[in-house]
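Participant: File name upload.tsv; file contents TSV, N, CA and C atoms; full text below.
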```
chain	number	residue	atom	x	y	z
A	1	MET	N	8.73	1.54	-4.24
A	1	MET	CA	9.10	0.48	-3.32
A	1	MET	C	10.60	0.19	-3.42
A	2	LYS	N	11.14	0.18	-4.63
A	2	LYS	CA	12.55	-0.10	-4.82
A	2	LYS	C	13.41	0.97	-4.13
A	3	MET	N	12.99	2.23	-4.23
A	3	MET	CA	13.72	3.32	-3.60
A	3	MET	C	13.69	3.17	-2.08
A	4	ARG	N	12.56	2.76	-1.55
A	4	ARG	CA	12.45	2.56	-0.10
A	4	ARG	C	13.43	1.49	0.36
A	5	HIS	N	13.53	0.42	-0.41
A	5	HIS	CA	14.48	-0.65	-0.09
A	5	HIS	C	15.91	-0.11	-0.12
A	6	ALA	N	16.22	0.70	-1.11
A	6	ALA	CA	17.57	1.25	-1.24
A	6	ALA	C	17.90	2.15	-0.05
A	7	VAL	N	16.94	2.98	0.35
A	7	VAL	CA	17.16	3.87	1.50
A	7	VAL	C	17.34	3.06	2.78
A	8	THR	N	16.52	2.03	2.94
A	8	THR	CA	16.63	1.17	4.12
A	8	THR	C	17.99	0.48	4.16
A	9	MET	N	18.44	-0.05	3.02
A	9	MET	CA	19.72	-0.74	2.97
A	9	MET	C	20.86	0.24	3.25
A	10	PHE	N	20.77	1.45	2.69
A	10	PHE	CA	21.81	2.44	2.92
A	10	PHE	C	21.86	2.82	4.40
A	11	ALA	N	20.70	2.99	5.03
A	11	ALA	CA	20.67	3.33	6.45
A	11	ALA	C	21.28	2.20	7.28
A	12	PHE	N	20.98	0.96	6.90
A	12	PHE	CA	21.55	-0.18	7.61
A	12	PHE	C	23.07	-0.21	7.46
A	13	LEU	N	23.56	0.02	6.25
A	13	LEU	CA	25.00	0.01	6.02
A	13	LEU	C	25.68	1.15	6.76
A	14	ALA	N	25.04	2.30	6.85
A	14	ALA	CA	25.60	3.42	7.61
A	14	ALA	C	25.69	3.07	9.10
A	15	ALA	N	24.66	2.40	9.61
A	15	ALA	CA	24.69	1.98	11.01
A	15	ALA	C	25.78	0.94	11.23
A	16	LEU	N	25.95	0.04	10.27
A	16	LEU	CA	27.02	-0.95	10.37
A	16	LEU	C	28.37	-0.26	10.40
A	17	ALA	N	28.57	0.72	9.54
A	17	ALA	CA	29.83	1.45	9.52
A	17	ALA	C	30.10	2.11	10.87
A	18	ALA	N	29.09	2.70	11.46
A	18	ALA	CA	29.25	3.36	12.76
A	18	ALA	C	29.60	2.34	13.84
A	19	SER	N	28.96	1.18	13.81
A	19	SER	CA	29.25	0.18	14.85
A	19	SER	C	30.64	-0.40	14.68
A	20	LEU	N	31.10	-0.57	13.44
A	20	LEU	CA	32.45	-1.09	13.22
A	20	LEU	C	33.50	-0.09	13.70
A	21	GLN	N	33.24	1.19	13.50
A	21	GLN	CA	34.18	2.20	13.98
A	21	GLN	C	34.28	2.13	15.49
A	22	ALA	N	33.15	2.01	16.16
A	22	ALA	CA	33.14	1.96	17.62
A	22	ALA	C	33.81	0.69	18.14
A	23	ALA	N	33.79	-0.36	17.35
A	23	ALA	CA	34.37	-1.63	17.77
A	23	ALA	C	35.89	-1.63	17.74
A	24	TYR	N	36.48	-0.64	17.11
A	24	TYR	CA	37.93	-0.59	16.96
A	24	TYR	C	38.51	0.67	17.57
A	25	PRO	N	38.60	0.75	18.92
A	25	PRO	CA	39.25	1.92	19.49
A	25	PRO	C	40.71	1.93	19.05
A	26	ALA	N	41.15	3.06	18.55
A	26	ALA	CA	42.50	3.14	18.01
A	26	ALA	C	42.95	4.59	18.04
A	27	PRO	N	44.24	4.81	17.81
A	27	PRO	CA	44.70	6.19	17.68
A	27	PRO	C	43.89	6.92	16.61
A	28	ALA	N	43.80	8.23	16.75
A	28	ALA	CA	42.92	9.02	15.89
A	28	ALA	C	43.17	8.77	14.40
A	29	ARG	N	44.41	8.77	13.96
A	29	ARG	CA	44.69	8.62	12.53
A	29	ARG	C	44.30	7.22	12.04
A	30	ALA	N	44.62	6.20	12.80
A	30	ALA	CA	44.26	4.83	12.41
A	30	ALA	C	42.75	4.65	12.43
A	31	GLN	N	42.10	5.27	13.41
A	31	GLN	CA	40.65	5.18	13.52
A	31	GLN	C	40.01	5.87	12.31
A	32	GLU	N	40.57	6.97	11.88
A	32	GLU	CA	40.08	7.68	10.70
A	32	GLU	C	40.22	6.80	9.47
A	33	GLY	N	41.32	6.06	9.35
A	33	GLY	CA	41.51	5.15	8.23
A	33	GLY	C	40.48	4.04	8.22
A	34	MET	N	40.17	3.52	9.40
A	34	MET	CA	39.14	2.48	9.51
A	34	MET	C	37.78	3.05	9.13
A	35	LYS	N	37.49	4.23	9.60
A	35	LYS	CA	36.22	4.88	9.28
A	35	LYS	C	36.06	5.05	7.77
A	36	ASP	N	37.10	5.56	7.14
A	36	ASP	CA	37.05	5.76	5.69
A	36	ASP	C	36.88	4.43	4.95
A	37	ALA	N	37.61	3.42	5.38
A	37	ALA	CA	37.55	2.11	4.71
A	37	ALA	C	36.16	1.49	4.84
A	38	VAL	N	35.57	1.58	6.03
A	38	VAL	CA	34.25	0.99	6.24
A	38	VAL	C	33.18	1.77	5.49
A	39	GLU	N	33.29	3.08	5.48
A	39	GLU	CA	32.31	3.89	4.74
A	39	GLU	C	32.40	3.60	3.24
A	40	THR	N	33.61	3.48	2.73
A	40	THR	CA	33.78	3.16	1.31
A	40	THR	C	33.18	1.79	1.00
A	41	PHE	N	33.44	0.81	1.87
A	41	PHE	CA	32.86	-0.52	1.69
A	41	PHE	C	31.34	-0.44	1.65
A	42	ALA	N	30.75	0.29	2.60
A	42	ALA	CA	29.28	0.39	2.66
A	42	ALA	C	28.71	1.00	1.39
A	43	LEU	N	29.34	2.06	0.91
A	43	LEU	CA	28.86	2.72	-0.31
A	43	LEU	C	29.02	1.81	-1.53
A	44	ASP	N	30.19	1.16	-1.65
A	44	ASP	CA	30.42	0.28	-2.79
A	44	ASP	C	29.53	-0.95	-2.76
A	45	LEU	N	29.28	-1.50	-1.57
A	45	LEU	CA	28.38	-2.65	-1.47
A	45	LEU	C	26.97	-2.24	-1.87
A	46	HIS	N	26.54	-1.10	-1.39
A	46	HIS	CA	25.21	-0.61	-1.73
A	46	HIS	C	25.07	-0.45	-3.25
A	47	ALA	N	26.05	0.22	-3.87
A	47	ALA	CA	26.01	0.44	-5.32
A	47	ALA	C	26.08	-0.90	-6.07
A	48	GLY	N	26.95	-1.78	-5.60
A	48	GLY	CA	27.09	-3.08	-6.25
A	48	GLY	C	25.83	-3.90	-6.17
A	49	MET	N	25.15	-3.83	-5.04
A	49	MET	CA	23.90	-4.58	-4.89
A	49	MET	C	22.83	-4.06	-5.83
A	50	GLN	N	22.86	-2.76	-6.11
A	50	GLN	CA	21.87	-2.18	-7.03
A	50	GLN	C	22.07	-2.71	-8.45
A	51	ARG	N	23.31	-2.98	-8.83
A	51	ARG	CA	23.60	-3.46	-10.19
A	51	ARG	C	23.67	-4.98	-10.28
A	52	ALA	N	23.68	-5.66	-9.16
A	52	ALA	CA	23.85	-7.11	-9.15
A	52	ALA	C	22.56	-7.83	-9.54
A	53	ASN	N	22.73	-9.07	-9.93
A	53	ASN	CA	21.60	-9.95	-10.22
A	53	ASN	C	21.43	-10.91	-9.05
A	54	LEU	N	21.08	-10.35	-7.92
A	54	LEU	CA	20.93	-11.14	-6.70
A	54	LEU	C	19.51	-11.68	-6.59
A	55	THR	N	19.40	-12.92	-6.14
A	55	THR	CA	18.08	-13.47	-5.85
A	55	THR	C	17.59	-12.85	-4.54
A	56	PRO	N	16.29	-12.92	-4.29
A	56	PRO	CA	15.80	-12.42	-3.00
A	56	PRO	C	16.48	-13.13	-1.82
A	57	GLN	N	16.79	-14.40	-1.98
A	57	GLN	CA	17.47	-15.14	-0.92
A	57	GLN	C	18.88	-14.61	-0.68
A	58	GLN	N	19.58	-14.28	-1.78
A	58	GLN	CA	20.93	-13.75	-1.63
A	58	GLN	C	20.91	-12.37	-0.97
A	59	LYS	N	19.95	-11.54	-1.34
A	59	LYS	CA	19.82	-10.23	-0.71
A	59	LYS	C	19.57	-10.37	0.78
A	60	GLU	N	18.68	-11.27	1.13
A	60	GLU	CA	18.37	-11.50	2.54
A	60	GLU	C	19.59	-12.06	3.27
A	61	GLN	N	20.34	-12.95	2.61
A	61	GLN	CA	21.54	-13.51	3.23
A	61	GLN	C	22.57	-12.43	3.49
A	62	ILE	N	22.75	-11.50	2.55
A	62	ILE	CA	23.70	-10.40	2.75
A	62	ILE	C	23.26	-9.56	3.94
A	63	ARG	N	21.97	-9.23	4.00
A	63	ARG	CA	21.48	-8.45	5.14
A	63	ARG	C	21.73	-9.18	6.45
A	64	THR	N	21.44	-10.47	6.46
A	64	THR	CA	21.65	-11.28	7.67
A	64	THR	C	23.12	-11.34	8.04
A	65	ASP	N	23.98	-11.53	7.04
A	65	ASP	CA	25.42	-11.61	7.30
A	65	ASP	C	25.96	-10.29	7.85
A	66	LEU	N	25.52	-9.17	7.29
A	66	LEU	CA	25.97	-7.88	7.80
A	66	LEU	C	25.48	-7.65	9.23
A	67	GLN	N	24.26	-8.05	9.50
A	67	GLN	CA	23.73	-7.92	10.85
A	67	GLN	C	24.50	-8.82	11.82
A	68	THR	N	24.82	-10.03	11.38
A	68	THR	CA	25.59	-10.96	12.21
A	68	THR	C	26.98	-10.37	12.50
A	69	LEU	N	27.60	-9.79	11.48
A	69	LEU	CA	28.93	-9.18	11.69
A	69	LEU	C	28.85	-8.04	12.70
A	70	ARG	N	27.82	-7.26	12.59
A	70	ARG	CA	27.64	-6.15	13.53
A	70	ARG	C	27.50	-6.67	14.97
A	71	GLN	N	26.67	-7.68	15.13
A	71	GLN	CA	26.47	-8.26	16.46
A	71	GLN	C	27.74	-8.95	16.96
A	72	ALA	N	28.46	-9.61	16.06
A	72	ALA	CA	29.68	-10.30	16.44
A	72	ALA	C	30.75	-9.31	16.90
A	73	LYS	N	30.81	-8.15	16.28
A	73	LYS	CA	31.77	-7.13	16.70
A	73	LYS	C	31.48	-6.69	18.13
A	74	GLN	N	30.20	-6.61	18.47
A	74	GLN	CA	29.82	-6.16	19.81
A	74	GLN	C	30.01	-7.26	20.86
A	75	SER	N	29.76	-8.49	20.46
A	75	SER	CA	29.81	-9.60	21.43
A	75	SER	C	31.15	-10.33	21.45
A	76	GLY	N	31.96	-10.17	20.41
A	76	GLY	CA	33.23	-10.89	20.34
A	76	GLY	C	33.08	-12.31	19.83
A	77	ASP	N	31.98	-12.61	19.15
A	77	ASP	CA	31.70	-13.96	18.66
A	77	ASP	C	32.42	-14.20	17.34
A	78	ARG	N	33.66	-14.70	17.42
A	78	ARG	CA	34.48	-14.92	16.23
A	78	ARG	C	33.89	-15.96	15.29
A	79	ARG	N	33.32	-17.00	15.83
A	79	ARG	CA	32.77	-18.06	14.99
A	79	ARG	C	31.64	-17.54	14.10
A	80	SER	N	30.74	-16.77	14.68
A	80	SER	CA	29.63	-16.20	13.90
A	80	SER	C	30.15	-15.23	12.85
A	81	ALA	N	31.14	-14.43	13.22
A	81	ALA	CA	31.71	-13.47	12.27
A	81	ALA	C	32.36	-14.21	11.10
A	82	PHE	N	33.11	-15.26	11.39
A	82	PHE	CA	33.77	-16.02	10.33
A	82	PHE	C	32.74	-16.66	9.40
A	83	LYS	N	31.70	-17.26	9.98
A	83	LYS	CA	30.66	-17.90	9.18
A	83	LYS	C	29.95	-16.87	8.30
A	84	ALA	N	29.67	-15.70	8.85
A	84	ALA	CA	29.01	-14.65	8.07
A	84	ALA	C	29.89	-14.21	6.90
A	85	MET	N	31.21	-14.07	7.16
A	85	MET	CA	32.10	-13.67	6.07
A	85	MET	C	32.21	-14.75	5.02
A	86	MET	N	32.21	-16.00	5.42
A	86	MET	CA	32.23	-17.10	4.44
A	86	MET	C	30.98	-17.02	3.55
A	87	ASN	N	29.82	-16.82	4.17
A	87	ASN	CA	28.57	-16.69	3.40
A	87	ASN	C	28.65	-15.50	2.45
A	88	PHE	N	29.14	-14.38	2.96
A	88	PHE	CA	29.22	-13.17	2.16
A	88	PHE	C	30.15	-13.39	0.96
A	89	HIS	N	31.29	-14.00	1.19
A	89	HIS	CA	32.23	-14.24	0.08
A	89	HIS	C	31.66	-15.21	-0.94
A	90	ARG	N	30.88	-16.19	-0.50
A	90	ARG	CA	30.24	-17.11	-1.46
A	90	ARG	C	29.33	-16.34	-2.41
A	91	ILE	N	28.54	-15.42	-1.85
A	91	ILE	CA	27.64	-14.63	-2.68
A	91	ILE	C	28.45	-13.69	-3.57
A	92	LEU	N	29.46	-13.06	-3.00
A	92	LEU	CA	30.30	-12.14	-3.77
A	92	LEU	C	30.95	-12.85	-4.95
A	93	ASP	N	31.34	-14.11	-4.76
A	93	ASP	CA	32.00	-14.88	-5.81
A	93	ASP	C	31.04	-15.71	-6.66
A	94	SER	N	29.73	-15.54	-6.46
A	94	SER	CA	28.74	-16.37	-7.15
A	94	SER	C	28.49	-15.96	-8.59
A	95	GLY	N	28.99	-14.80	-8.98
A	95	GLY	CA	28.72	-14.30	-10.32
A	95	GLY	C	27.54	-13.35	-10.36
A	96	ALA	N	26.88	-13.14	-9.23
A	96	ALA	CA	25.73	-12.25	-9.19
A	96	ALA	C	26.14	-10.78	-9.29
A	97	PHE	N	27.33	-10.45	-8.79
A	97	PHE	CA	27.81	-9.07	-8.84
A	97	PHE	C	28.51	-8.82	-10.17
A	98	GLN	N	28.45	-7.59	-10.64
A	98	GLN	CA	29.21	-7.20	-11.82
A	98	GLN	C	30.69	-7.33	-11.47
A	99	PRO	N	31.53	-7.76	-12.42
A	99	PRO	CA	32.95	-7.98	-12.11
A	99	PRO	C	33.63	-6.75	-11.48
A	100	GLN	N	33.35	-5.56	-11.98
A	100	GLN	CA	33.99	-4.38	-11.42
A	100	GLN	C	33.52	-4.12	-9.99
A	101	ASP	N	32.26	-4.41	-9.69
A	101	ASP	CA	31.77	-4.24	-8.33
A	101	ASP	C	32.38	-5.28	-7.40
A	102	GLN	N	32.46	-6.51	-7.87
A	102	GLN	CA	33.07	-7.57	-7.09
A	102	GLN	C	34.50	-7.20	-6.73
A	103	GLN	N	35.26	-6.73	-7.70
A	103	GLN	CA	36.65	-6.35	-7.46
A	103	GLN	C	36.74	-5.18	-6.49
A	104	ARG	N	35.89	-4.18	-6.67
A	104	ARG	CA	35.91	-3.00	-5.80
A	104	ARG	C	35.59	-3.40	-4.35
A	105	ILE	N	34.60	-4.27	-4.16
A	105	ILE	CA	34.23	-4.70	-2.82
A	105	ILE	C	35.36	-5.50	-2.18
A	106	LYS	N	36.00	-6.34	-2.96
A	106	LYS	CA	37.15	-7.09	-2.42
A	106	LYS	C	38.28	-6.16	-2.03
A	107	GLN	N	38.51	-5.12	-2.82
A	107	GLN	CA	39.54	-4.12	-2.47
A	107	GLN	C	39.15	-3.39	-1.19
A	108	ASP	N	37.86	-3.10	-1.04
A	108	ASP	CA	37.39	-2.44	0.18
A	108	ASP	C	37.62	-3.33	1.40
A	109	LEU	N	37.35	-4.61	1.26
A	109	LEU	CA	37.57	-5.53	2.38
A	109	LEU	C	39.05	-5.59	2.73
A	110	GLN	N	39.92	-5.56	1.71
A	110	GLN	CA	41.36	-5.54	1.97
A	110	GLN	C	41.76	-4.24	2.67
A	111	ALA	N	41.16	-3.12	2.29
A	111	ALA	CA	41.46	-1.85	2.94
A	111	ALA	C	41.03	-1.87	4.41
A	112	ILE	N	39.91	-2.52	4.70
A	112	ILE	CA	39.46	-2.65	6.09
A	112	ILE	C	40.46	-3.50	6.87
A	113	ARG	N	40.90	-4.60	6.25
A	113	ARG	CA	41.88	-5.48	6.89
A	113	ARG	C	43.17	-4.71	7.19
A	114	THR	N	43.63	-3.90	6.23
A	114	THR	CA	44.84	-3.10	6.40
A	114	THR	C	44.66	-2.07	7.51
A	115	ALA	N	43.51	-1.41	7.52
A	115	ALA	CA	43.22	-0.40	8.55
A	115	ALA	C	43.14	-1.05	9.93
A	116	LYS	N	42.61	-2.26	9.98
A	116	LYS	CA	42.51	-3.00	11.23
A	116	LYS	C	43.91	-3.26	11.79
A	117	LYS	N	44.82	-3.68	10.91
A	117	LYS	CA	46.20	-3.93	11.33
A	117	LYS	C	46.87	-2.64	11.78
A	118	ALA	N	46.63	-1.56	11.05
A	118	ALA	CA	47.23	-0.27	11.39
A	118	ALA	C	46.74	0.25	12.72
A	119	SER	N	45.53	-0.15	13.10
A	119	SER	CA	44.97	0.33	14.36
A	119	SER	C	45.48	-0.49	15.54
A	120	GLY	N	46.35	-1.44	15.25
A	120	GLY	CA	46.99	-2.16	16.33
A	120	GLY	C	46.34	-3.47	16.71
A	121	GLY	N	45.48	-3.98	15.86
A	121	GLY	CA	44.93	-5.25	16.26
A	121	GLY	C	44.07	-5.85	15.19
A	122	GLY	N	43.93	-7.11	15.34
A	122	GLY	CA	43.08	-7.82	14.41
A	122	GLY	C	41.64	-7.73	14.79
A	123	GLY	N	41.35	-7.38	16.06
A	123	GLY	CA	39.95	-7.40	16.45
A	123	GLY	C	39.44	-8.80	16.25
A	124	MET	N	38.50	-8.96	15.34
A	124	MET	CA	37.91	-10.27	15.06
A	124	MET	C	38.59	-10.84	13.83
A	125	GLY	N	39.12	-12.04	13.93
A	125	GLY	CA	39.79	-12.65	12.80
A	125	GLY	C	38.90	-12.86	11.61
A	126	GLY	N	37.62	-13.08	11.83
A	126	GLY	CA	36.70	-13.32	10.72
A	126	GLY	C	35.85	-12.13	10.41
A	127	GLY	N	36.27	-10.95	10.82
A	127	GLY	CA	35.47	-9.75	10.62
A	127	GLY	C	35.37	-9.35	9.17
A	128	MET	N	35.28	-8.11	8.90
A	128	MET	CA	35.05	-7.60	7.55
A	128	MET	C	36.25	-7.88	6.66
A	129	GLY	N	36.42	-9.12	6.31
A	129	GLY	CA	37.49	-9.47	5.40
A	129	GLY	C	38.70	-10.03	6.10
A	130	GLY	N	38.73	-10.05	7.41
A	130	GLY	CA	39.88	-10.58	8.12
A	130	GLY	C	39.85	-12.09	8.16
A	131	GLY	N	41.00	-12.69	8.11
A	131	GLY	CA	41.13	-14.12	8.31
A	131	GLY	C	40.61	-14.98	7.16
A	132	MET	N	40.39	-14.40	6.00
A	132	MET	CA	39.82	-15.18	4.91
A	132	MET	C	40.88	-15.79	4.02
A	133	GLY	N	42.14	-15.42	4.22
A	133	GLY	CA	43.22	-16.02	3.46
A	133	GLY	C	42.95	-16.07	1.98
A	134	GLY	N	43.03	-17.24	1.39
A	134	GLY	CA	42.85	-17.40	-0.04
A	134	GLY	C	41.40	-17.59	-0.46
A	135	MET	N	40.47	-17.28	0.40
A	135	MET	CA	39.07	-17.52	0.10
A	135	MET	C	38.49	-16.47	-0.85
A	136	HIS	N	39.23	-15.45	-1.19
A	136	HIS	CA	38.69	-14.36	-2.01
A	136	HIS	C	38.60	-14.80	-3.45
```
Output the file's structure as structure tokens, nothing else.
Facilitator:
Amino acid sequence: MKMRHAVTMFAFLAALAASLQAAYPAPARAQEGMKDAVETFALDLHAGMQRANLTPQQKEQIRTDLQTLRQAKQSGDRRSAFKAMMNFHRILDSGAFQPQDQQRIKQDLQAIRTAKKASGGGGMGGGMGGGMGGMH
């Protein structure tokens, strides 16, 4: 059962990565940077969740937040994206993740933010790490 959950989460994260790439039309090189950053984030989040001491509620909240971010990218709903990122950062900073995983995920979010800027736009201010200022 645990393996099934891991495969399902990985498939969801892969779909999220694909939707985020599509949400950011950009020159080929910048788009490639965004693709790499999002894929790295998805892999690191998946690995970090496997080692984390997350409650069932926190796991469900992360799934919900990622789904909200995906939908917000498609609809342009900045408020929902910002709220989802706030929720995600609260869980990330809750102590449930191993310190090295927490740091790696934060670095991945910064890489996505950097790739977003390189692609010529902010897209959504509250997207995958955007607009969070000192909230990390």
Participant: Under the rule that only N, CA and C atoms are counted, which of A:Arg113, A:Lys59, A:Ser119, A:Ile105 is the nearest residue to Leu45 in chain A?
Facilitator: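 Once distances to Leu45 in chain A are computed over only N, CA and C atoms, the minimum belongs to A:Ile105.
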Participant: I need the residue nearest Phe97 in chain A from this list: A:Ala52, A:Ala42, A:Ile112, A:Ala47. Use only C-alpha atoms for the distance.
Facilitator: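 When distances to Phe97 in chain A are compared using only C-alpha atoms, the smallest one comes from A:Ala52.
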Participant: Write out as number ranges by chain each polymer residue whose atoms come within 10 Å of Ala84 in chain A, counting only C-alpha atoms; drop sequence neighbours fewer than 2 positions from it.
Facilitator: A: 61-62, 64-69, 72, 78-82, 86-90, 126-128
Participant: From the set A:Arg63, A:Met85, A:Arg51, A:Met34, which residue has the shortest atom-to-atom contact distance to Gly120 in chain A, counting only C-alpha atoms?
Facilitator: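 For Gly120 in chain A, the nearest of the given residues is A:Met34.
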Participant: Calculate how many Å separate atom C of Asn53 in chain A from atom C of Lys106 in chain A, rounding to one decimal.
Facilitator: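 Between atom C of Asn53 in chain A and atom C of Lys106 in chain A the gap works out to 18.9 Å.
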Participant: Hey, which of A:Gln71, A:Gln50, A:Phe41, A:Asp93 ends up closest to Gln110 in chain A? Count only C-alpha atoms.
Facilitator: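 Once distances to Gln110 in chain A are computed over only C-alpha atoms, the minimum belongs to A:Phe41.
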Participant: For CA of Ala115 in chain A and atom C of Ala37 in chain A, determine how far apart the two atoms are, in Å to one decimal place.
Facilitator: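 Separation of CA of Ala115 in chain A and atom C of Ala37 in chain A: 8.2 Å.
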